[in-house]
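Shown next, in structure tokens, is the structure this report addresses.
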Amino acid sequence: MKPARARIEAVSGLRPVVVTYASAFIFLATVLAASQVSPVFLSPNNLGNVLSQVTITGIIGLGMTLVILTGGIDLSVGAVVALVSVLMTGTQQYGFFPSVTIALAVGATVGWLNGVGVVYGRMQPFIMTLGMMTVARGVAFVYSGGAPMAVELEALNVLGGSHFVGVPIPGLIFVVLLVAAGIFMARFPAGRHIYAIGSNPDAARLAGVSVPRHLIGVYTFSGVMAAVGGIVFVAQQGVGMAVAGVGYELNAIAAVVLGGASLFGGEGTVYGTALGAAILGVLGNMMNLSGVNPFAQDLLKGIIIISVVLIRRVIGGR
């Protein structure tokens with residue numbers, strides 16, 4: 001009996017370690033599998049491609065992380081990418097900085113409206129952001145007439161195609177935003193308040209936390225991050241489209257969940273989300289290198305994501 005009990009205690013003792021570092025373990029296992037599938041995977045050019053693929057999901061995921069930490073959800077981010085992409089191309093004649101300013105302002109406005117609807121309209125985040133998703137994409141179609149809009153601004157082409165010490169500029173933007181968000185969540189009172197709201201909003205309110213202000217803030221931040229994702233999309237693709245960003249909200253949510261966040265709020269980190277986005281990027285790249293049918297890739301990704309989340313729940317005892 002004692003040896004069996006000792007084994008059980010040993011496994012129980014390892015459980016917190018496995019849960020804490022599960023995303024890192026999964027990422028390393030995915031990288032190892034990809035390197036075995038194709039020797040091309042670890043080449044510098046391909047790793048640069050992976051980083052480029054991860055960038056938009058990662059940037060949008062930063063905003064989504066803060067929303068999910070409060071127990072909410074933001075389904076409008078993909079539509080914001082589309083709206084920003086056509087606005088960027090439609091206002092490029094005014095120059096790079098004016099068009100970027102317009103894009104960020106639009107993203108912030110959409111996010112702010114989401115927050116106001118959730119807080120003061122007392123609407124469920126799912127319903128509010130679903131409605132805003134429809135509105136934003138509808139505006140994108142009306143503005144563009146449904147036709148792709150080509151990028152002619154050289155600064156956008158430079159942003160999308162340039163490298164610094166071998167790293168794509170959009171990837172560096174993601175890293176800078178990631179570090180800034182990580183510092184904010186760890187070192188600033190507002191970051192701790194966001195966790196408190198997700199864990200117990202009533203207790204946070206009694207502790208003096210302005211729950212409405214923080215909720216509006218996280219949705220606004222999510223809108224801004226979606227706008228940055230839209231800017232990167234235009235820079236990388238060289239075109240603005242009303243159909244851009246379809247499914248981006250699901251990729252961002254998947255990255256957050258794979259990174260260890262709880263959809264009930266109060267648990268997760270932006271660094272975990274970055275790992276989740278990296279896992280998705282490596283999986284997609286591995287399937288491309290393996291010649292997997294593009295139509296089957298989403299199916300396989302979905303199965304893998306569900307399996308990973310279930311395993312995390314079993315190991316974590318939650």
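Just remember, in the structure tokens the first chain shown is A, the second B, etc., residues are 1-based per chain, and ligands are 1-based in the order shown.
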
#### Entry: Distance query segment 257-273 of chain A at most 6 Å, only C-alpha atoms, self and fewer than 4 positions along chain excluded, as a PyMOL selection string
chain A and resi 23+62+68-71+195+198-199

### Message
Need to verify the contact set: Leu215 of chain A, 8 Å, only C-alpha atoms, exclusion of same-chain residues closer than 4 positions in sequence. Can you return it as a VMD selection string?
### Response
chain A and resid 67 70 115 119 211 219

### Task
Might you pull out every residue within 12 Å of segment 152-168 of chain A, with only C-alpha atoms counted and same-chain residues fewer than 3 positions away left off, and present them as an MDAnalysis selection string?
chainID A and resid 44:56 85 88:97 99:100 149 171:175 229:240

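From atom CA of Val224 of chain A back to atom CA of Ala105 of chain A, the distance works out to 7.6 Å.
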
### Message
Please identify the strand (DSSP E) residues within segment 112-300 of chain A (assignment by DSSP from backbone atoms) and present them as a list in words.
### Response
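Everything in segment 112-300 of chain A that counts as strand (DSSP E) is Met149, Ala150, His163, Phe164, Val167, Pro168, Val239 and Gly240 of chain A.
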
### Interatomic distance, atom CA of Ala226 of chain A to atom CA of Ile26 of chain A (Å, one decimal)
26.2 Å

### Task
Pick out the closest residue to Met133 of chain A from this set: A:Thr109, A:Ser210, A:Asn114, A:Ser76. Count only C-alpha atoms.
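For Met133 of chain A, the nearest of the given residues is A:Ser76.
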
### Task
Give me every alpha helix (DSSP H) residue in segment 44-142 of chain A, going by DSSP on the backbone, as a PyMOL selection string.
chain A and resi 44-69+77-90+96-119+125-142

Limited to C-alpha atoms, could you put the picked residues into a file as a CSV table (one decimal), in the first residue's frame?
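Saved as result-v3.csv:
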chain,number,residue,atom,x,y,z
A,44,PRO,CA,15.8,30.4,-40.7
A,45,ASN,CA,13.6,31.3,-43.6
A,46,ASN,CA,10.8,28.9,-42.5
A,47,LEU,CA,11.1,30.0,-38.8
A,48,GLY,CA,10.6,33.6,-40.1
A,49,ASN,CA,7.5,32.4,-42.0
A,50,VAL,CA,6.2,30.9,-38.8
A,51,LEU,CA,6.7,34.1,-36.9
A,52,SER,CA,4.9,36.1,-39.6
A,53,GLN,CA,2.0,33.7,-39.4
A,54,VAL,CA,1.9,33.9,-35.6
A,55,THR,CA,2.0,37.7,-35.5
A,56,ILE,CA,-1.6,38.7,-36.2
A,57,THR,CA,-3.1,35.9,-34.0
A,58,GLY,CA,-0.7,36.8,-31.2
A,59,ILE,CA,-1.4,40.6,-31.4
A,60,ILE,CA,-5.2,40.0,-31.4
A,61,GLY,CA,-4.7,37.4,-28.7
A,62,LEU,CA,-3.1,40.0,-26.3
A,63,GLY,CA,-6.4,42.0,-26.3
A,64,MET,CA,-8.5,38.8,-26.1
A,65,THR,CA,-6.5,37.7,-23.1
A,66,LEU,CA,-7.5,40.7,-21.0
A,67,VAL,CA,-11.1,40.4,-22.1
A,68,ILE,CA,-11.2,36.7,-21.2
A,69,LEU,CA,-9.4,37.4,-17.9
A,77,VAL,CA,-11.9,41.4,-33.5
A,78,GLY,CA,-11.9,39.6,-36.9
A,79,ALA,CA,-14.4,42.1,-38.3
A,80,VAL,CA,-12.3,45.0,-37.0
A,81,VAL,CA,-9.3,43.6,-38.9
A,82,ALA,CA,-11.4,43.7,-42.1
A,83,LEU,CA,-12.7,47.2,-41.4
A,84,VAL,CA,-9.2,48.5,-40.6
A,85,SER,CA,-7.8,46.9,-43.7
A,86,VAL,CA,-10.2,48.7,-46.1
A,87,LEU,CA,-9.9,52.0,-44.1
A,88,MET,CA,-6.1,51.8,-44.3
A,89,THR,CA,-6.1,51.4,-48.0
A,90,GLY,CA,-8.9,53.9,-48.5
A,96,PHE,CA,1.1,56.5,-43.3
A,97,PHE,CA,0.7,58.1,-39.9
A,98,PRO,CA,-2.8,59.7,-40.6
A,99,SER,CA,-4.1,56.3,-41.9
A,100,VAL,CA,-2.6,54.5,-38.9
A,101,THR,CA,-4.2,57.0,-36.5
A,102,ILE,CA,-7.6,56.5,-38.2
A,103,ALA,CA,-7.3,52.8,-38.0
A,104,LEU,CA,-6.3,52.8,-34.3
A,105,ALA,CA,-9.1,55.3,-33.5
A,106,VAL,CA,-11.7,53.1,-35.3
A,107,GLY,CA,-10.5,50.0,-33.4
A,108,ALA,CA,-10.6,51.8,-30.1
A,109,THR,CA,-14.1,53.1,-30.8
A,110,VAL,CA,-15.4,49.6,-31.7
A,111,GLY,CA,-13.9,48.2,-28.5
A,112,TRP,CA,-15.2,51.1,-26.4
A,113,LEU,CA,-18.7,50.6,-27.7
A,114,ASN,CA,-18.4,46.9,-26.9
A,115,GLY,CA,-17.4,47.8,-23.3
A,116,VAL,CA,-20.2,50.3,-22.9
A,117,GLY,CA,-22.8,47.8,-24.2
A,118,VAL,CA,-21.5,45.2,-21.8
A,119,VAL,CA,-21.3,47.5,-18.8
A,125,PRO,CA,-20.4,39.9,-24.0
A,126,PHE,CA,-21.1,37.2,-26.5
A,127,ILE,CA,-24.2,39.0,-27.8
A,128,MET,CA,-22.8,42.5,-27.8
A,129,THR,CA,-19.6,41.6,-29.6
A,130,LEU,CA,-21.4,39.3,-32.0
A,131,GLY,CA,-23.6,42.3,-33.0
A,132,MET,CA,-20.6,44.6,-33.3
A,133,MET,CA,-18.9,42.0,-35.4
A,134,THR,CA,-21.8,42.1,-37.9
A,135,VAL,CA,-21.9,45.9,-37.8
A,136,ALA,CA,-18.1,46.3,-38.4
A,137,ARG,CA,-18.0,43.8,-41.3
A,138,GLY,CA,-21.1,45.4,-42.8
A,139,VAL,CA,-19.4,48.8,-42.7
A,140,ALA,CA,-16.3,47.3,-44.3
A,141,PHE,CA,-18.4,45.9,-47.2
A,142,VAL,CA,-20.3,49.2,-47.7

Within 9 Å of Met286 of chain A using only C-alpha atoms, minus same-chain residues under 5 positions, as a compact mmCIF listing (two decimals) with C-alpha atoms, in the first residue's frame:
# COMPACT_ATOMS: atom_id res chain seq x y z
CA THR A 30 4.96 20.50 -31.32
CA VAL A 31 8.30 21.95 -32.44
CA ALA A 33 7.23 16.86 -34.06
CA ALA A 34 7.47 19.50 -36.80
CA SER A 35 11.26 19.14 -37.00
CA VAL A 37 8.18 15.79 -40.10
CA SER A 38 10.28 18.10 -42.26
CA PHE A 41 11.06 23.43 -40.49
CA GLY A 281 1.51 28.63 -35.98
CA GLY A 291 1.19 18.55 -47.72
CA VAL A 292 -1.97 18.16 -45.66

### Task
Using only C-alpha atoms, find the one residue out of A:Arg122, A:Arg205, A:Lys301, A:Arg213 that sits nearest to Ala190 of chain A.
A:Arg213

### Task
May I ask for the distance between atom CA of Gly146 of chain A and atom CA of Ala244 of chain A, given in Å to one decimal place?
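Between atom CA of Gly146 of chain A and atom CA of Ala244 of chain A the gap works out to 10.9 Å.
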